[in-house]
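Trainee: Questions regarding the structure given below will be posed in turn.
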Amino acid sequence: MRVLMIGGGGREHTLIWKIAQSPLVEKIYCTPGNAGIGALAECESMDVEGALEPMSQFAIDNRIDLTLIGPENPLANGVVDHFESLGLKVFGPSRVAAEIEASKVFSKELMNKYDIPTAKSGTFDDPQEAAAYIREVGVPIVVKADGLAKGKGVIICHELQEALDAVDAIMVQKEFGDAGNRVLVEEYLVGEEASFIAFTDGETIVPMSSSQDHKPIYDGDRGPNTGGMGAYSPAPVVTDEVHDLIMETVMKPTIKGMAAEGRLYKGVLYAGLMIADGKPKVMEFNARCGDPETQAVIPRLKSDIVPVIQACIDGTLNKVKLEWTEGPAVCVVMASGGYPVEYEKGKVISGLEDANAMENVTVFHAGTAKMGDDIVTNGGRVLGVTALGNDIRDAIDTAYEAVKEISFQKAYYRRDIGHRALER
Ligand code: AMP
């Protein structure tokens, strides 16, 4: 089988690393890919957030049997509908199904309609009405741009002025463009976060092992949010009881609700949850795998992933069972100094081979590129260093030993990935 992956980050490298282990797969292609992916797949530079035709033409020209989509923008642009209309086999939700991520207002309306537990909120297309609601409800409060904003459209506000400024930035200054035509103003939830990611064919739901990421840039979960500075799996907060509650109160009603709305949901559904007193509430849905959760979850999957993906497309997921390693995994993200604000690119990375040669360690590339014989930094988040362990302490120690092997100018990483799991 010839597989095409669309995307070029740590999540896509991890999925390709897993797919490459399948005896069903003969050759892998990736657009645009990165230096790590380049060792496993033939990469083709392409604007995957732009026009859809170059991607489908590439799939036709290279006789691709199966296409996978990593990031949210191509999904929101309807890449799945486009590929299907040409008779190409593709894994992921359609454009109207992907709206569960692409519109926070749609997602909230769905949750309210189908009694899926979530934060109380108001939706506004007028900044003055949003401001009046904020003044009435008070702080802390969360202001969210409706549309896709590269993970930056959620602003947690502890002061009234912050919340009013957030509405102004999103709706008046249009910092995220049309994504800010509407805002969601949401109750601030307390508890412990977890990510719950599942395969689905639109009816059957097969969950992956739970995980948790670390979004803020600094140790102790301080500073601005990033795409994610590390992750671990499983998340101890997701006990068997909590797992069952998530399936019954979140995943099943969501997949049923989407079908009832005429938006049959096939692919990977990600629920970002806040768990308090053993009860989950949804903060967001994503229409794809999480990054960097994937880098911690997928290395724990013992089963071949390709038949699972095929079963999602074919509607036969009820025949699939997944096997996971008992031991946990930890992924530490190494970033360019200055990320998530301003950072430099083109720094030579050394030590990758030594880190990768360590037992139980895999280094996944995110923002990397090949320059001559060197591998250089090419983005904010550069690498995800994943280690499997017998227990969480072991996985954390191994991941940080591997991180120490790797160096590039102004490398930055958090030193406390996995601390919450450890405290438990
Ligand atoms: P989202 O993209 O909606 O998951 O938001 C990004 C991050 O903001 C989440 O991972 C949480 O850390 C935080 N967040 C989002 N919504 C809320 C909420 N209602 N209460 C508290 N924190 C939130």
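We label chains A, B, ... in the order they appear in the structure tokens, count residues from 1 in each chain, and number ligands from 1 in the order shown.
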Which residues come within 10 Å of Phe83 in chain A, counting only C-alpha atoms, excluding same-chain residues fewer than 6 positions away, as a list in words?
Mentor: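 Final neighbour list, sorted by chain and number: Leu52, Glu53, Met55, Ser56, Gln57, Ala59, Ile60, Thr67, Lys89, Val90 and Phe91 of chain A.
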Trainee: Counting only C-alpha atoms and all ligand atoms, give me one row per residue of chain A with an atom at most 6 Å from an atom of ligand 1, showing the shortest contact pair and its distance in Å to one decimal, sorted by chain then residue number, as JSON lines.
Mentor:
{"residue": "A:Ala119", "atom": "CA", "partner": "ligand 1", "partner_atom_place_in_ligand_line": "19 (N)", "distance": 5.6}
{"residue": "A:Val142", "atom": "CA", "partner": "ligand 1", "partner_atom_place_in_ligand_line": "19 (N)", "distance": 5.8}
{"residue": "A:Gly151", "atom": "CA", "partner": "ligand 1", "partner_atom_place_in_ligand_line": "2 (O)", "distance": 5.8}
{"residue": "A:Val154", "atom": "CA", "partner": "ligand 1", "partner_atom_place_in_ligand_line": "5 (O)", "distance": 5.4}
{"residue": "A:Glu186", "atom": "CA", "partner": "ligand 1", "partner_atom_place_in_ligand_line": "19 (N)", "distance": 5.5}
{"residue": "A:Glu187", "atom": "CA", "partner": "ligand 1", "partner_atom_place_in_ligand_line": "19 (N)", "distance": 5.2}
{"residue": "A:Tyr188", "atom": "CA", "partner": "ligand 1", "partner_atom_place_in_ligand_line": "20 (N)", "distance": 3.7}
{"residue": "A:Leu189", "atom": "CA", "partner": "ligand 1", "partner_atom_place_in_ligand_line": "20 (N)", "distance": 3.7}
{"residue": "A:Gly272", "atom": "CA", "partner": "ligand 1", "partner_atom_place_in_ligand_line": "4 (O)", "distance": 5.6}
{"residue": "A:Met283", "atom": "CA", "partner": "ligand 1", "partner_atom_place_in_ligand_line": "16 (N)", "distance": 4.8}
{"residue": "A:Glu284", "atom": "CA", "partner": "ligand 1", "partner_atom_place_in_ligand_line": "3 (O)", "distance": 4.5}
Trainee: Using only C-alpha atoms, which protein or nucleic acid residues come within 6 Å of Arg288 in chain A? Drop anything in the same chain fewer than 2 positions from it, and give the result as number ranges by chain.
Mentor: A: 268-269, 286
Trainee: With all heavy atoms kept, could you save the residues just selected as a PDB file, in the first residue's frame?
Mentor:
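So the final result, stored in out_20.pdb, reads:
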ATOM      1  N   VAL A 268     -10.441  10.712  13.694  1.00  0.00           N
ATOM      2  CA  VAL A 268      -9.994  10.766  15.081  1.00  0.00           C
ATOM      3  C   VAL A 268     -10.722  11.926  15.750  1.00  0.00           C
ATOM      4  O   VAL A 268     -10.730  13.036  15.228  1.00  0.00           O
ATOM      5  CB  VAL A 268      -8.461  10.987  15.146  1.00  0.00           C
ATOM      6  CG1 VAL A 268      -8.039  11.375  16.549  1.00  0.00           C
ATOM      7  CG2 VAL A 268      -7.725   9.740  14.695  1.00  0.00           C
ATOM      8  N   LEU A 269     -11.336  11.656  16.883  1.00  0.00           N
ATOM      9  CA  LEU A 269     -11.971  12.732  17.655  1.00  0.00           C
ATOM     10  C   LEU A 269     -11.201  12.895  18.965  1.00  0.00           C
ATOM     11  O   LEU A 269     -10.945  11.914  19.670  1.00  0.00           O
ATOM     12  CB  LEU A 269     -13.442  12.406  17.954  1.00  0.00           C
ATOM     13  CG  LEU A 269     -14.181  13.490  18.757  1.00  0.00           C
ATOM     14  CD1 LEU A 269     -14.299  14.796  17.965  1.00  0.00           C
ATOM     15  CD2 LEU A 269     -15.574  13.014  19.170  1.00  0.00           C
ATOM     16  N   ASN A 286     -11.132  18.512  19.123  1.00  0.00           N
ATOM     17  CA  ASN A 286     -10.293  18.635  17.944  1.00  0.00           C
ATOM     18  C   ASN A 286     -10.674  17.522  16.977  1.00  0.00           C
ATOM     19  O   ASN A 286     -11.075  16.439  17.406  1.00  0.00           O
ATOM     20  CB  ASN A 286      -8.801  18.530  18.292  1.00  0.00           C
ATOM     21  CG  ASN A 286      -8.321  19.741  19.070  1.00  0.00           C
ATOM     22  OD1 ASN A 286      -8.888  20.822  18.955  1.00  0.00           O
ATOM     23  ND2 ASN A 286      -7.295  19.563  19.879  1.00  0.00           N
TER      24      ASN A 286
END
Trainee: Considering only C-alpha atoms, return as a list in words whatever protein or nucleic-acid residues lie within 12 Å of Met371 in chain A, sequence-local ones (same chain, fewer than 6 positions apart) excluded.
Mentor: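 Near Met371 in chain A, the qualifying residues are Asn34, Ala35, Lys345, Gly346, Lys347, Val348, Ile349, Thr377 and Asn378 of chain A.
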Trainee: Please dump the current selection as a PDB file, in the first residue's frame; keep N, CA, C and O atoms.
Mentor:
ATOM      1  N   ASN A  34       9.262  16.943   7.168  1.00  0.00           N
ATOM      2  CA  ASN A  34      10.379  17.621   7.828  1.00  0.00           C
ATOM      3  C   ASN A  34      11.591  16.699   7.734  1.00  0.00           C
ATOM      4  O   ASN A  34      11.500  15.635   7.092  1.00  0.00           O
ATOM      5  N   ALA A  35      12.699  17.082   8.382  1.00  0.00           N
ATOM      6  CA  ALA A  35      13.933  16.298   8.202  1.00  0.00           C
ATOM      7  C   ALA A  35      13.789  14.875   8.751  1.00  0.00           C
ATOM      8  O   ALA A  35      14.299  13.925   8.143  1.00  0.00           O
ATOM      9  N   LYS A 345      15.662  30.608  13.341  1.00  0.00           N
ATOM     10  CA  LYS A 345      15.695  29.278  12.708  1.00  0.00           C
ATOM     11  C   LYS A 345      17.103  29.022  12.177  1.00  0.00           C
ATOM     12  O   LYS A 345      17.953  29.901  12.205  1.00  0.00           O
ATOM     13  N   GLY A 346      17.340  27.821  11.678  1.00  0.00           N
ATOM     14  CA  GLY A 346      18.600  27.518  10.984  1.00  0.00           C
ATOM     15  C   GLY A 346      19.747  27.126  11.897  1.00  0.00           C
ATOM     16  O   GLY A 346      20.898  27.119  11.480  1.00  0.00           O
ATOM     17  N   LYS A 347      19.458  26.809  13.181  1.00  0.00           N
ATOM     18  CA  LYS A 347      20.526  26.381  14.107  1.00  0.00           C
ATOM     19  C   LYS A 347      20.801  24.894  13.913  1.00  0.00           C
ATOM     20  O   LYS A 347      19.854  24.080  13.916  1.00  0.00           O
ATOM     21  N   VAL A 348      22.084  24.549  13.808  1.00  0.00           N
ATOM     22  CA  VAL A 348      22.457  23.139  13.586  1.00  0.00           C
ATOM     23  C   VAL A 348      22.151  22.315  14.842  1.00  0.00           C
ATOM     24  O   VAL A 348      22.470  22.712  15.954  1.00  0.00           O
ATOM     25  N   ILE A 349      21.511  21.164  14.639  1.00  0.00           N
ATOM     26  CA  ILE A 349      21.151  20.274  15.758  1.00  0.00           C
ATOM     27  C   ILE A 349      22.160  19.136  15.812  1.00  0.00           C
ATOM     28  O   ILE A 349      22.410  18.475  14.799  1.00  0.00           O
ATOM     29  N   THR A 377      17.259  23.684  12.851  1.00  0.00           N
ATOM     30  CA  THR A 377      15.948  24.063  13.384  1.00  0.00           C
ATOM     31  C   THR A 377      15.182  24.844  12.317  1.00  0.00           C
ATOM     32  O   THR A 377      15.762  25.609  11.548  1.00  0.00           O
ATOM     33  N   ASN A 378      13.869  24.621  12.278  1.00  0.00           N
ATOM     34  CA  ASN A 378      13.061  25.269  11.243  1.00  0.00           C
ATOM     35  C   ASN A 378      11.673  25.638  11.762  1.00  0.00           C
ATOM     36  O   ASN A 378      10.710  25.695  11.001  1.00  0.00           O
TER      37      ASN A 378
END
Trainee: When you draw a straight line from CA of Thr368 in chain A to CA of Gly228 in chain A, how long is it in Å?
Mentor: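 Atom-to-atom, CA of Thr368 in chain A to CA of Gly228 in chain A, that is 16.6 Å.
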Trainee: Which polymer residues have any atom within 12 Å of an atom of Ala259 in chain A, counting only C-alpha atoms, with same-chain residues fewer than 4 positions away left out, as JSON, numbers by chain?
Mentor: {"A": [93, 96, 97, 110, 114, 200, 201, 202, 203, 204, 252, 253, 254, 255, 263, 264, 265, 266]}
Trainee: Mind dumping the selected residues with N, CA and C atoms as a compact mmCIF listing (two decimals), in the first residue's frame?
Mentor:
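Contents of selection_24.txt, as written:
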# COMPACT_ATOMS: atom_id res chain seq x y z
N PRO A 93 -12.34 13.45 9.12
CA PRO A 93 -13.71 13.93 9.01
C PRO A 93 -13.92 14.85 7.82
N VAL A 96 -17.91 19.44 7.09
CA VAL A 96 -18.97 19.78 8.06
C VAL A 96 -18.76 19.05 9.38
N ALA A 97 -18.12 17.89 9.35
CA ALA A 97 -17.85 17.18 10.61
C ALA A 97 -16.69 17.86 11.35
N LEU A 110 -23.66 22.13 19.87
CA LEU A 110 -23.84 20.67 19.82
C LEU A 110 -23.86 20.10 21.24
N TYR A 114 -27.07 18.21 23.03
CA TYR A 114 -27.04 16.78 23.36
C TYR A 114 -26.60 16.51 24.80
N THR A 200 -12.88 6.62 15.31
CA THR A 200 -14.30 6.32 15.13
C THR A 200 -14.64 6.17 13.64
N ASP A 201 -15.57 5.27 13.38
CA ASP A 201 -16.06 5.12 11.99
C ASP A 201 -17.42 5.80 11.83
N GLY A 202 -17.81 6.57 12.84
CA GLY A 202 -19.10 7.27 12.79
C GLY A 202 -20.11 6.59 13.69
N GLU A 203 -19.79 5.36 14.12
CA GLU A 203 -20.70 4.62 15.00
C GLU A 203 -19.92 4.04 16.18
N THR A 204 -18.98 3.14 15.85
CA THR A 204 -18.15 2.55 16.90
C THR A 204 -17.05 3.53 17.29
N LYS A 252 -19.73 9.02 23.24
CA LYS A 252 -20.88 8.39 22.56
C LYS A 252 -21.94 9.43 22.16
N PRO A 253 -22.37 10.31 23.09
CA PRO A 253 -23.37 11.29 22.66
C PRO A 253 -22.87 12.24 21.57
N THR A 254 -21.56 12.50 21.56
CA THR A 254 -21.03 13.40 20.53
C THR A 254 -21.10 12.74 19.16
N ILE A 255 -20.64 11.51 19.08
CA ILE A 255 -20.64 10.80 17.78
C ILE A 255 -22.09 10.57 17.32
N ARG A 263 -23.91 15.09 10.14
CA ARG A 263 -22.47 15.36 10.03
C ARG A 263 -21.70 14.14 10.50
N LEU A 264 -21.98 12.99 9.88
CA LEU A 264 -21.35 11.72 10.27
C LEU A 264 -19.85 11.94 10.50
N TYR A 265 -19.38 11.56 11.68
CA TYR A 265 -17.99 11.86 12.05
C TYR A 265 -17.11 10.62 11.95
N LYS A 266 -16.17 10.66 11.00
CA LYS A 266 -15.23 9.54 10.82
C LYS A 266 -13.81 10.08 10.98
Trainee: Pick out the closest residue to Glu193 in chain A from this set: A:Ala421, A:Leu75, A:Ile406, A:Ala39. Count only C-alpha atoms.
Mentor: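 Ranked by minimum distance to Glu193 in chain A, first place goes to A:Ala421.
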Trainee: Produce a table with one row for each residue of range 206-294 of chain A that has an atom at most 9 Å from any atom of range 10-33 of chain A, each row naming the nearest atom pair and its distance in Å at one decimal; use only C-alpha atoms; arrange rows by chain and rising residue number; format as CSV.
Mentor:
residue,atom,partner,partner_atom,distance
A:Cys289,CA,A:Arg11,CA,7.4
A:Gly290,CA,A:Arg11,CA,7.2
A:Asp291,CA,A:Arg11,CA,5.4
A:Pro292,CA,A:Arg11,CA,6.4
A:Glu293,CA,A:Arg11,CA,8.0
A:Thr294,CA,A:Arg11,CA,5.6
